[in-house]
Amino acid sequence: MKNKLKDFHHYKGNNLTRFEKVERKVIELILSSKVPDGQREDSVIFELKHASGCTQIARILAQKRKLNVEIADAAATLHDIYVIIHGTYKDHAKLGSFIAEKILKEINGFSKSEIATITQAVAHHSEKDIYSNNPYIELVKDVDVFDCSLYKGAEGSYRIHKPENIFKEYVKRIKKVRRELGLPQNDVFR
Ligand SMILES: [Fe+2]
């Protein structure tokens with residue numbers, strides 16, 4: 001039995017799946033960023049925390065929703081790739097989808113439909129007030145707001161920077177995820 005066990009690579013070496021290579025690539029891009037915090041809307045530390053948090057939450061939610069865990073993982077990991085590279089949120093979803101496509105093609109091994117699913121989820125993740133019938137787009141939207149809701153200060157930031165109707169959509173999505181995960185419904189920012 002023991003011989004059949006495979007040790008975990010801890011993201012070292014070449015024995016990674018294509019999806020793990022996506023995770024590593026995104027983290028490498030964050031760690032090697034040449035855009036200093038002073039020129040970023042968010043810090044490099046936040047990008048690192050948010051990308052990693054979203055990856056893991058996507059894996060949990062995908063299991064709850066019976067979706068492909070790896071596809072959900074890749075879409076969530078790549079969702080803010082434009083912000084990671086350029087430091088700004090302007091049109092980041094659409095522009096990020098092109099970068100995501102390039103990364104997926106470079107890593108190799110992804111089918112056309114996998115690339116389409118992942119890049120569509122990246123391209124549309126900012127449309128939090130729209131409820132599409134694409135489960136991966138909706139998953140990335142939910143993962144994004146839920147991860148942010150776990151930071152103290154997210155509520156203030158949302159209230160300052162988002163219109164009231166969009167803020168309500170964020171809360172609606174956070175509540176939905178908390179319900180799915182069996183978490184308390186009051187005080188959704190915690
Ligand atoms: Fe995000």
# chains A, B, ... in the order shown; residues from 1 in each chain; ligands from 1
call {"tool": "closest_atom_pairs", "arguments": {"of": "chain A", "to": "ligand 1", "cutoff": "8 Å", "atoms": "only C-alpha atoms and all ligand atoms", "output": "Markdown table"}}
result
| residue | atom | partner | partner_atom_place_in_ligand_line | distance |
| --- | --- | --- | --- | --- |
| A:His50 | CA | ligand 1 | 1 (Fe) | 6.8 |
| A:Ala51 | CA | ligand 1 | 1 (Fe) | 7.6 |
| A:Cys54 | CA | ligand 1 | 1 (Fe) | 7.9 |
| A:His79 | CA | ligand 1 | 1 (Fe) | 6.4 |
| A:Asp80 | CA | ligand 1 | 1 (Fe) | 5.4 |
| A:Asp144 | CA | ligand 1 | 1 (Fe) | 4.8 |
| A:Val145 | CA | ligand 1 | 1 (Fe) | 7.2 |
| A:Cys148 | CA | ligand 1 | 1 (Fe) | 7.7 |
call {"tool": "write_last_selection", "arguments": {"atoms": "all heavy atoms", "output": "CSV table (one decimal), in the first residue's frame"}}
result
chain,number,residue,atom,x,y,z
A,50,HIS,N,-5.4,36.9,-2.3
A,50,HIS,CA,-6.7,36.8,-3.0
A,50,HIS,C,-6.6,35.7,-4.1
A,50,HIS,O,-7.6,34.9,-4.2
A,50,HIS,CB,-7.0,38.1,-3.7
A,50,HIS,CG,-8.3,38.2,-4.4
A,50,HIS,ND1,-9.5,37.8,-3.7
A,50,HIS,CD2,-8.7,38.6,-5.6
A,50,HIS,CE1,-10.5,37.9,-4.6
A,50,HIS,NE2,-10.1,38.4,-5.7
A,51,ALA,N,-5.5,35.6,-4.8
A,51,ALA,CA,-5.4,34.5,-5.8
A,51,ALA,C,-5.4,33.2,-5.2
A,51,ALA,O,-6.2,32.3,-5.6
A,51,ALA,CB,-4.2,34.7,-6.7
A,54,CYS,N,-8.9,32.4,-3.6
A,54,CYS,CA,-9.9,32.1,-4.6
A,54,CYS,C,-9.7,30.7,-5.2
A,54,CYS,O,-10.7,30.0,-5.4
A,54,CYS,CB,-9.9,33.1,-5.7
A,54,CYS,SG,-10.6,34.7,-5.2
A,79,HIS,N,-8.6,34.7,-12.5
A,79,HIS,CA,-9.7,35.7,-12.8
A,79,HIS,C,-9.2,37.1,-12.7
A,79,HIS,O,-9.6,38.0,-13.4
A,79,HIS,CB,-10.9,35.5,-11.8
A,79,HIS,CG,-10.7,36.1,-10.5
A,79,HIS,ND1,-10.0,35.5,-9.5
A,79,HIS,CD2,-11.2,37.3,-10.0
A,79,HIS,CE1,-10.1,36.3,-8.4
A,79,HIS,NE2,-10.8,37.4,-8.7
A,80,ASP,N,-8.2,37.4,-11.9
A,80,ASP,CA,-7.6,38.8,-11.8
A,80,ASP,C,-6.2,38.9,-12.4
A,80,ASP,O,-5.4,39.8,-12.0
A,80,ASP,CB,-7.6,39.2,-10.3
A,80,ASP,CG,-8.9,39.8,-9.8
A,80,ASP,OD1,-9.7,40.2,-10.7
A,80,ASP,OD2,-9.1,39.8,-8.6
A,144,ASP,N,-15.0,35.1,-5.9
A,144,ASP,CA,-14.4,36.5,-5.8
A,144,ASP,C,-15.0,37.3,-4.6
A,144,ASP,O,-14.2,37.7,-3.8
A,144,ASP,CB,-14.6,37.2,-7.2
A,144,ASP,CG,-13.8,38.5,-7.3
A,144,ASP,OD1,-12.8,38.6,-6.5
A,144,ASP,OD2,-14.1,39.3,-8.2
A,145,VAL,N,-16.3,37.4,-4.6
A,145,VAL,CA,-16.9,38.2,-3.5
A,145,VAL,C,-16.8,37.5,-2.2
A,145,VAL,O,-16.5,38.2,-1.1
A,145,VAL,CB,-18.3,38.6,-3.8
A,145,VAL,CG1,-18.4,39.6,-4.9
A,145,VAL,CG2,-19.2,37.4,-4.0
A,148,CYS,N,-13.3,38.0,-0.7
A,148,CYS,CA,-13.1,39.3,-0.2
A,148,CYS,C,-13.8,39.6,1.1
A,148,CYS,O,-13.4,40.3,1.9
A,148,CYS,CB,-13.5,40.3,-1.3
A,148,CYS,SG,-12.4,40.4,-2.7
call {"tool": "select_by_dssp", "arguments": {"residues": "stretch 22-163 of chain A", "states": "helix (DSSP H, G or I)", "output": "ChimeraX atom specification"}}
result
/A:22-31,37-39,44-64,69-78,81-86,92-107,112-124,135-149,154-161
call {"tool": "residues_around", "arguments": {"residues": "A:Tyr82", "least_positions_apart": "3", "cutoff": "10 Å", "atoms": "only C-alpha atoms", "output": "number ranges by chain"}}
result
A: 78-79, 85-100, 122
call {"tool": "write_last_selection", "arguments": {"atoms": "all heavy atoms", "output": "CSV table (one decimal), in the first residue's frame"}}
result
chain,number,residue,atom,x,y,z
A,78,LEU,N,-7.0,32.4,-12.3
A,78,LEU,CA,-6.7,33.4,-13.4
A,78,LEU,C,-7.6,34.6,-13.4
A,78,LEU,O,-7.3,35.5,-14.1
A,78,LEU,CB,-6.8,32.7,-14.7
A,78,LEU,CG,-5.7,31.7,-15.1
A,78,LEU,CD1,-6.1,30.8,-16.2
A,78,LEU,CD2,-4.4,32.4,-15.4
A,79,HIS,N,-8.6,34.7,-12.5
A,79,HIS,CA,-9.7,35.7,-12.8
A,79,HIS,C,-9.2,37.1,-12.7
A,79,HIS,O,-9.6,38.0,-13.4
A,79,HIS,CB,-10.9,35.5,-11.8
A,79,HIS,CG,-10.7,36.1,-10.5
A,79,HIS,ND1,-10.0,35.5,-9.5
A,79,HIS,CD2,-11.2,37.3,-10.0
A,79,HIS,CE1,-10.1,36.3,-8.4
A,79,HIS,NE2,-10.8,37.4,-8.7
A,85,ILE,N,-0.8,41.5,-13.3
A,85,ILE,CA,0.3,42.0,-14.2
A,85,ILE,C,0.3,43.5,-14.3
A,85,ILE,O,1.4,44.1,-14.2
A,85,ILE,CB,0.1,41.3,-15.6
A,85,ILE,CG1,0.3,39.8,-15.4
A,85,ILE,CG2,1.1,41.9,-16.6
A,85,ILE,CD1,0.1,39.0,-16.6
A,86,HIS,N,-0.8,44.2,-14.4
A,86,HIS,CA,-0.8,45.6,-14.7
A,86,HIS,C,-1.1,46.5,-13.5
A,86,HIS,O,-0.9,47.7,-13.5
A,86,HIS,CB,-1.7,45.9,-15.8
A,86,HIS,CG,-1.3,45.3,-17.1
A,86,HIS,ND1,-0.3,45.7,-17.9
A,86,HIS,CD2,-1.8,44.1,-17.7
A,86,HIS,CE1,-0.2,44.9,-19.0
A,86,HIS,NE2,-1.1,43.9,-18.9
A,87,GLY,N,-1.6,45.9,-12.4
A,87,GLY,CA,-1.9,46.7,-11.2
A,87,GLY,C,-3.2,47.5,-11.2
A,87,GLY,O,-3.4,48.3,-10.3
A,88,THR,N,-3.9,47.4,-12.3
A,88,THR,CA,-5.2,48.2,-12.4
A,88,THR,C,-6.4,47.4,-12.8
A,88,THR,O,-6.3,46.4,-13.4
A,88,THR,CB,-5.0,49.4,-13.4
A,88,THR,OG1,-6.3,50.0,-13.6
A,88,THR,CG2,-4.5,48.9,-14.7
A,89,TYR,N,-7.5,47.8,-12.2
A,89,TYR,CA,-8.8,47.1,-12.5
A,89,TYR,C,-9.5,47.5,-13.7
A,89,TYR,O,-10.5,46.9,-14.1
A,89,TYR,CB,-9.7,47.3,-11.3
A,89,TYR,CG,-9.4,46.3,-10.1
A,89,TYR,CD1,-8.5,46.7,-9.1
A,89,TYR,CD2,-9.9,45.0,-10.1
A,89,TYR,CE1,-8.1,45.9,-8.1
A,89,TYR,CE2,-9.5,44.2,-9.0
A,89,TYR,CZ,-8.7,44.6,-8.1
A,89,TYR,OH,-8.3,43.8,-7.0
A,90,LYS,N,-9.1,48.6,-14.4
A,90,LYS,CA,-9.8,49.1,-15.6
A,90,LYS,C,-9.9,48.0,-16.7
A,90,LYS,O,-8.9,47.5,-17.2
A,90,LYS,CB,-9.1,50.3,-16.1
A,90,LYS,CG,-9.8,50.9,-17.3
A,90,LYS,CD,-9.9,52.5,-17.2
A,90,LYS,CE,-10.6,53.1,-18.4
A,90,LYS,NZ,-11.8,52.4,-19.0
A,91,ASP,N,-11.2,47.6,-17.0
A,91,ASP,CA,-11.5,46.6,-18.0
A,91,ASP,C,-10.7,45.3,-17.7
A,91,ASP,O,-10.4,44.5,-18.7
A,91,ASP,CB,-11.1,47.1,-19.4
A,91,ASP,CG,-11.9,48.2,-19.8
A,91,ASP,OD1,-13.1,48.3,-19.4
A,91,ASP,OD2,-11.5,49.1,-20.6
A,92,HIS,N,-10.4,45.0,-16.5
A,92,HIS,CA,-9.5,43.9,-16.2
A,92,HIS,C,-10.1,42.5,-16.5
A,92,HIS,O,-9.3,41.6,-16.8
A,92,HIS,CB,-9.0,43.9,-14.7
A,92,HIS,CG,-10.1,43.4,-13.7
A,92,HIS,ND1,-11.2,44.2,-13.4
A,92,HIS,CD2,-10.2,42.3,-13.0
A,92,HIS,CE1,-11.9,43.5,-12.5
A,92,HIS,NE2,-11.3,42.4,-12.3
A,93,ALA,N,-11.4,42.4,-16.5
A,93,ALA,CA,-12.0,41.0,-16.7
A,93,ALA,C,-11.8,40.6,-18.2
A,93,ALA,O,-11.2,39.6,-18.5
A,93,ALA,CB,-13.5,41.1,-16.3
A,94,LYS,N,-12.3,41.5,-19.1
A,94,LYS,CA,-12.2,41.2,-20.5
A,94,LYS,C,-10.7,41.1,-20.9
A,94,LYS,O,-10.3,40.1,-21.6
A,94,LYS,CB,-12.8,42.4,-21.3
A,94,LYS,CG,-12.7,42.3,-22.8
A,94,LYS,CD,-14.0,42.1,-23.4
A,94,LYS,CE,-14.4,40.8,-23.9
A,94,LYS,NZ,-15.4,40.0,-23.6
A,95,LEU,N,-9.9,42.1,-20.5
A,95,LEU,CA,-8.4,42.1,-20.9
A,95,LEU,C,-7.7,40.9,-20.3
A,95,LEU,O,-6.8,40.3,-20.9
A,95,LEU,CB,-7.8,43.4,-20.5
A,95,LEU,CG,-8.3,44.7,-21.2
A,95,LEU,CD1,-7.7,45.9,-20.5
A,95,LEU,CD2,-8.0,44.6,-22.7
A,96,GLY,N,-8.1,40.5,-19.1
A,96,GLY,CA,-7.5,39.4,-18.4
A,96,GLY,C,-7.8,38.0,-19.1
A,96,GLY,O,-7.0,37.1,-19.1
A,97,SER,N,-8.9,38.0,-19.8
A,97,SER,CA,-9.3,36.7,-20.5
A,97,SER,C,-8.3,36.4,-21.6
A,97,SER,O,-8.0,35.3,-21.9
A,97,SER,CB,-10.7,36.8,-21.0
A,97,SER,OG,-10.8,37.7,-22.1
A,98,PHE,N,-7.8,37.5,-22.2
A,98,PHE,CA,-6.8,37.2,-23.3
A,98,PHE,C,-5.5,36.7,-22.7
A,98,PHE,O,-4.8,35.9,-23.3
A,98,PHE,CB,-6.6,38.5,-24.1
A,98,PHE,CG,-7.8,39.0,-24.7
A,98,PHE,CD1,-8.3,40.3,-24.5
A,98,PHE,CD2,-8.6,38.2,-25.5
A,98,PHE,CE1,-9.5,40.8,-25.0
A,98,PHE,CE2,-9.8,38.7,-26.1
A,98,PHE,CZ,-10.2,40.0,-25.8
A,99,ILE,N,-5.1,37.3,-21.6
A,99,ILE,CA,-3.8,36.8,-20.9
A,99,ILE,C,-4.0,35.4,-20.4
A,99,ILE,O,-3.1,34.6,-20.6
A,99,ILE,CB,-3.5,37.7,-19.7
A,99,ILE,CG1,-3.4,39.2,-20.2
A,99,ILE,CG2,-2.2,37.3,-19.1
A,99,ILE,CD1,-3.2,40.2,-19.0
A,100,ALA,N,-5.2,35.1,-19.9
A,100,ALA,CA,-5.5,33.7,-19.4
A,100,ALA,C,-5.4,32.7,-20.6
A,100,ALA,O,-4.8,31.7,-20.4
A,100,ALA,CB,-6.9,33.7,-18.8
A,122,VAL,N,-13.3,34.1,-16.7
A,122,VAL,CA,-12.4,35.3,-16.4
A,122,VAL,C,-13.1,36.6,-17.0
A,122,VAL,O,-13.2,37.6,-16.3
A,122,VAL,CB,-11.0,35.1,-17.0
A,122,VAL,CG1,-10.2,36.4,-16.8
A,122,VAL,CG2,-10.3,33.9,-16.3
call {"tool": "closest_atom_pairs", "arguments": {"of": "stretch 57-148 of chain A", "to": "stretch 2-22 of chain A", "cutoff": "7 Å", "atoms": "only C-alpha atoms", "output": "CSV"}}
result
residue,atom,partner,partner_atom,distance
A:Glu70,CA,A:Phe19,CA,6.3
A:Ala74,CA,A:Phe19,CA,6.2
A:Ile107,CA,A:Arg18,CA,6.7
A:Gly109,CA,A:Arg18,CA,6.9
call {"tool": "write_last_selection", "arguments": {"atoms": "N, CA and C atoms", "output": "tab-separated table (two decimals), in the first residue's frame"}}
result
chain	number	residue	atom	x	y	z
A	70	GLU	N	-11.00	21.13	-11.20
A	70	GLU	CA	-9.78	21.69	-11.81
A	70	GLU	C	-10.09	22.89	-12.71
A	74	ALA	N	-8.75	26.65	-12.07
A	74	ALA	CA	-7.99	27.45	-13.05
A	74	ALA	C	-8.68	28.78	-13.32
A	107	ILE	N	1.06	26.72	-21.43
A	107	ILE	CA	1.22	25.55	-20.56
A	107	ILE	C	0.93	24.28	-21.34
A	109	GLY	N	-1.86	21.46	-23.38
A	109	GLY	CA	-2.64	20.33	-22.91
A	109	GLY	C	-4.10	20.64	-22.65
call {"tool": "residues_around", "arguments": {"residues": "A:Pro184", "least_positions_apart": "5", "cutoff": "10 Å", "atoms": "only C-alpha atoms", "output": "MDAnalysis selection string"}}
result
chainID A and resid 175 178:179
call {"tool": "closest_residue", "arguments": {"among": "A:Leu48, A:Ile57, A:Leu181, A:Ile137", "to": "A:Ile27", "atoms": "only C-alpha atoms"}}
result
A:Leu48
call {"tool": "atom_distance", "arguments": {"atom1": "atom CA of A:Asp73", "atom2": "atom CA of A:Thr55"}}
result
5.1 Å
call {"tool": "closest_residue", "arguments": {"among": "A:Lys64, A:Lys168, A:Arg190, A:Arg173", "to": "A:Ser149", "atoms": "only C-alpha atoms"}}
result
A:Arg190
call {"tool": "atom_distance", "arguments": {"atom1": "atom CA of A:Glu114", "atom2": "atom CA of A:Val69"}}
result
12.3 Å
call {"tool": "atom_distance", "arguments": {"atom1": "atom CA of A:Ser113", "atom2": "atom CA of A:Glu101"}}
result
11.6 Å
call {"tool": "closest_residue", "arguments": {"among": "A:Val143, A:Ile160, A:Ala154, A:Leu29", "to": "A:Val188", "atoms": "only C-alpha atoms"}}
result
A:Ala154
call {"tool": "closest_residue", "arguments": {"among": "A:Ser43, A:Leu183, A:Ser157, A:Ala58", "to": "A:Lys141", "atoms": "only C-alpha atoms"}}
result
A:Ala58
call {"tool": "residues_around", "arguments": {"residues": "A:Tyr170", "least_positions_apart": "6", "cutoff": "9 Å", "atoms": "only C-alpha atoms", "output": "PyMOL selection string"}}
result
chain A and resi 128-129+142+145-146+158
call {"tool": "closest_residue", "arguments": {"among": "A:Pro135, A:Glu155, A:Gln39, A:Ile71", "to": "A:Ser111", "atoms": "only C-alpha atoms"}}
result
A:Ile71
call {"tool": "decode", "arguments": {"residues": "stretch 100-114 of chain A", "atoms": "all heavy atoms", "output": "PDB file, in the first residue's frame"}}
result
ATOM      1  N   ALA A 100      -5.202  35.102 -19.902  1.00  0.00           N
ATOM      2  CA  ALA A 100      -5.486  33.743 -19.425  1.00  0.00           C
ATOM      3  C   ALA A 100      -5.360  32.748 -20.578  1.00  0.00           C
ATOM      4  O   ALA A 100      -4.763  31.676 -20.437  1.00  0.00           O
ATOM      5  CB  ALA A 100      -6.884  33.682 -18.820  1.00  0.00           C
ATOM      6  N   GLU A 101      -5.906  33.129 -21.726  1.00  0.00           N
ATOM      7  CA  GLU A 101      -5.840  32.248 -22.906  1.00  0.00           C
ATOM      8  C   GLU A 101      -4.384  31.974 -23.293  1.00  0.00           C
ATOM      9  O   GLU A 101      -4.004  30.830 -23.568  1.00  0.00           O
ATOM     10  CB  GLU A 101      -6.585  32.895 -24.074  1.00  0.00           C
ATOM     11  CG  GLU A 101      -6.662  31.987 -25.287  1.00  0.00           C
ATOM     12  CD  GLU A 101      -7.469  32.586 -26.434  1.00  0.00           C
ATOM     13  OE1 GLU A 101      -8.014  33.698 -26.279  1.00  0.00           O
ATOM     14  OE2 GLU A 101      -7.525  31.933 -27.487  1.00  0.00           O
ATOM     15  N   LYS A 102      -3.577  33.026 -23.260  1.00  0.00           N
ATOM     16  CA  LYS A 102      -2.161  32.901 -23.624  1.00  0.00           C
ATOM     17  C   LYS A 102      -1.450  31.940 -22.650  1.00  0.00           C
ATOM     18  O   LYS A 102      -0.704  31.055 -23.068  1.00  0.00           O
ATOM     19  CB  LYS A 102      -1.515  34.296 -23.566  1.00  0.00           C
ATOM     20  CG  LYS A 102      -0.184  34.382 -24.230  1.00  0.00           C
ATOM     21  CD  LYS A 102       0.229  35.859 -24.398  1.00  0.00           C
ATOM     22  CE  LYS A 102       1.709  35.953 -24.696  1.00  0.00           C
ATOM     23  NZ  LYS A 102       2.543  36.140 -23.509  1.00  0.00           N
ATOM     24  N   ILE A 103      -1.719  32.103 -21.364  1.00  0.00           N
ATOM     25  CA  ILE A 103      -1.085  31.245 -20.344  1.00  0.00           C
ATOM     26  C   ILE A 103      -1.495  29.786 -20.550  1.00  0.00           C
ATOM     27  O   ILE A 103      -0.669  28.880 -20.523  1.00  0.00           O
ATOM     28  CB  ILE A 103      -1.455  31.735 -18.921  1.00  0.00           C
ATOM     29  CG1 ILE A 103      -0.751  33.068 -18.628  1.00  0.00           C
ATOM     30  CG2 ILE A 103      -1.099  30.690 -17.857  1.00  0.00           C
ATOM     31  CD1 ILE A 103      -1.177  33.745 -17.335  1.00  0.00           C
ATOM     32  N   LEU A 104      -2.794  29.566 -20.772  1.00  0.00           N
ATOM     33  CA  LEU A 104      -3.289  28.189 -20.946  1.00  0.00           C
ATOM     34  C   LEU A 104      -2.664  27.542 -22.177  1.00  0.00           C
ATOM     35  O   LEU A 104      -2.319  26.356 -22.161  1.00  0.00           O
ATOM     36  CB  LEU A 104      -4.818  28.186 -21.058  1.00  0.00           C
ATOM     37  CG  LEU A 104      -5.565  28.622 -19.784  1.00  0.00           C
ATOM     38  CD1 LEU A 104      -7.035  28.856 -20.081  1.00  0.00           C
ATOM     39  CD2 LEU A 104      -5.410  27.580 -18.680  1.00  0.00           C
ATOM     40  N   LYS A 105      -2.523  28.314 -23.262  1.00  0.00           N
ATOM     41  CA  LYS A 105      -1.927  27.767 -24.487  1.00  0.00           C
ATOM     42  C   LYS A 105      -0.443  27.485 -24.289  1.00  0.00           C
ATOM     43  O   LYS A 105       0.074  26.494 -24.800  1.00  0.00           O
ATOM     44  CB  LYS A 105      -2.156  28.720 -25.666  1.00  0.00           C
ATOM     45  CG  LYS A 105      -3.600  28.662 -26.165  1.00  0.00           C
ATOM     46  CD  LYS A 105      -3.835  29.562 -27.352  1.00  0.00           C
ATOM     47  CE  LYS A 105      -5.238  29.347 -27.915  1.00  0.00           C
ATOM     48  NZ  LYS A 105      -5.624  30.389 -28.865  1.00  0.00           N
ATOM     49  N   GLU A 106       0.228  28.360 -23.546  1.00  0.00           N
ATOM     50  CA  GLU A 106       1.663  28.160 -23.286  1.00  0.00           C
ATOM     51  C   GLU A 106       1.905  26.912 -22.434  1.00  0.00           C
ATOM     52  O   GLU A 106       2.858  26.168 -22.654  1.00  0.00           O
ATOM     53  CB  GLU A 106       2.244  29.384 -22.571  1.00  0.00           C
ATOM     54  CG  GLU A 106       2.706  30.475 -23.538  1.00  0.00           C
ATOM     55  CD  GLU A 106       3.042  31.788 -22.840  1.00  0.00           C
ATOM     56  OE1 GLU A 106       3.182  31.800 -21.601  1.00  0.00           O
ATOM     57  OE2 GLU A 106       3.140  32.799 -23.549  1.00  0.00           O
ATOM     58  N   ILE A 107       1.060  26.723 -21.435  1.00  0.00           N
ATOM     59  CA  ILE A 107       1.224  25.550 -20.561  1.00  0.00           C
ATOM     60  C   ILE A 107       0.935  24.276 -21.338  1.00  0.00           C
ATOM     61  O   ILE A 107       1.560  23.246 -21.108  1.00  0.00           O
ATOM     62  CB  ILE A 107       0.345  25.693 -19.295  1.00  0.00           C
ATOM     63  CG1 ILE A 107       0.993  26.734 -18.376  1.00  0.00           C
ATOM     64  CG2 ILE A 107       0.169  24.355 -18.561  1.00  0.00           C
ATOM     65  CD1 ILE A 107       0.186  27.149 -17.193  1.00  0.00           C
ATOM     66  N   ASN A 108      -0.028  24.386 -22.275  1.00  0.00           N
ATOM     67  CA  ASN A 108      -0.276  23.269 -23.188  1.00  0.00           C
ATOM     68  C   ASN A 108      -1.136  22.173 -22.549  1.00  0.00           C
ATOM     69  O   ASN A 108      -1.137  21.997 -21.338  1.00  0.00           O
ATOM     70  CB  ASN A 108       1.064  22.671 -23.654  1.00  0.00           C
ATOM     71  CG  ASN A 108       0.980  22.175 -25.079  1.00  0.00           C
ATOM     72  OD1 ASN A 108      -0.069  22.275 -25.718  1.00  0.00           O
ATOM     73  ND2 ASN A 108       2.081  21.641 -25.558  1.00  0.00           N
ATOM     74  N   GLY A 109      -1.856  21.460 -23.382  1.00  0.00           N
ATOM     75  CA  GLY A 109      -2.638  20.328 -22.911  1.00  0.00           C
ATOM     76  C   GLY A 109      -4.105  20.639 -22.653  1.00  0.00           C
ATOM     77  O   GLY A 109      -4.880  19.738 -22.344  1.00  0.00           O
ATOM     78  N   PHE A 110      -4.503  21.902 -22.758  1.00  0.00           N
ATOM     79  CA  PHE A 110      -5.908  22.256 -22.530  1.00  0.00           C
ATOM     80  C   PHE A 110      -6.683  22.173 -23.835  1.00  0.00           C
ATOM     81  O   PHE A 110      -6.205  22.627 -24.879  1.00  0.00           O
ATOM     82  CB  PHE A 110      -6.025  23.679 -21.957  1.00  0.00           C
ATOM     83  CG  PHE A 110      -5.451  23.805 -20.582  1.00  0.00           C
ATOM     84  CD1 PHE A 110      -4.144  24.213 -20.389  1.00  0.00           C
ATOM     85  CD2 PHE A 110      -6.221  23.490 -19.463  1.00  0.00           C
ATOM     86  CE1 PHE A 110      -3.594  24.309 -19.117  1.00  0.00           C
ATOM     87  CE2 PHE A 110      -5.679  23.583 -18.184  1.00  0.00           C
ATOM     88  CZ  PHE A 110      -4.380  23.990 -18.010  1.00  0.00           C
ATOM     89  N   SER A 111      -7.872  21.592 -23.768  1.00  0.00           N
ATOM     90  CA  SER A 111      -8.691  21.492 -24.979  1.00  0.00           C
ATOM     91  C   SER A 111      -9.305  22.858 -25.284  1.00  0.00           C
ATOM     92  O   SER A 111      -9.349  23.739 -24.415  1.00  0.00           O
ATOM     93  CB  SER A 111      -9.802  20.460 -24.780  1.00  0.00           C
ATOM     94  OG  SER A 111     -10.763  20.968 -23.866  1.00  0.00           O
ATOM     95  N   LYS A 112      -9.812  22.991 -26.514  1.00  0.00           N
ATOM     96  CA  LYS A 112     -10.454  24.256 -26.919  1.00  0.00           C
ATOM     97  C   LYS A 112     -11.611  24.588 -25.991  1.00  0.00           C
ATOM     98  O   LYS A 112     -11.809  25.736 -25.599  1.00  0.00           O
ATOM     99  CB  LYS A 112     -10.977  24.133 -28.355  1.00  0.00           C
ATOM    100  CG  LYS A 112      -9.975  24.604 -29.384  1.00  0.00           C
ATOM    101  CD  LYS A 112     -10.653  24.813 -30.731  1.00  0.00           C
ATOM    102  CE  LYS A 112      -9.604  25.341 -31.705  1.00  0.00           C
ATOM    103  NZ  LYS A 112      -9.821  24.944 -33.068  1.00  0.00           N
ATOM    104  N   SER A 113     -12.395  23.575 -25.637  1.00  0.00           N
ATOM    105  CA  SER A 113     -13.573  23.859 -24.807  1.00  0.00           C
ATOM    106  C   SER A 113     -13.165  24.192 -23.370  1.00  0.00           C
ATOM    107  O   SER A 113     -13.800  25.027 -22.721  1.00  0.00           O
ATOM    108  CB  SER A 113     -14.580  22.712 -24.885  1.00  0.00           C
ATOM    109  OG  SER A 113     -14.313  21.737 -23.931  1.00  0.00           O
ATOM    110  N   GLU A 114     -12.095  23.573 -22.875  1.00  0.00           N
ATOM    111  CA  GLU A 114     -11.608  23.943 -21.528  1.00  0.00           C
ATOM    112  C   GLU A 114     -11.127  25.397 -21.520  1.00  0.00           C
ATOM    113  O   GLU A 114     -11.446  26.160 -20.597  1.00  0.00           O
ATOM    114  CB  GLU A 114     -10.454  23.017 -21.111  1.00  0.00           C
ATOM    115  CG  GLU A 114     -10.898  21.627 -20.721  1.00  0.00           C
ATOM    116  CD  GLU A 114      -9.717  20.682 -20.470  1.00  0.00           C
ATOM    117  OE1 GLU A 114      -8.607  20.908 -21.011  1.00  0.00           O
ATOM    118  OE2 GLU A 114      -9.919  19.690 -19.751  1.00  0.00           O
TER     119      GLU A 114
END
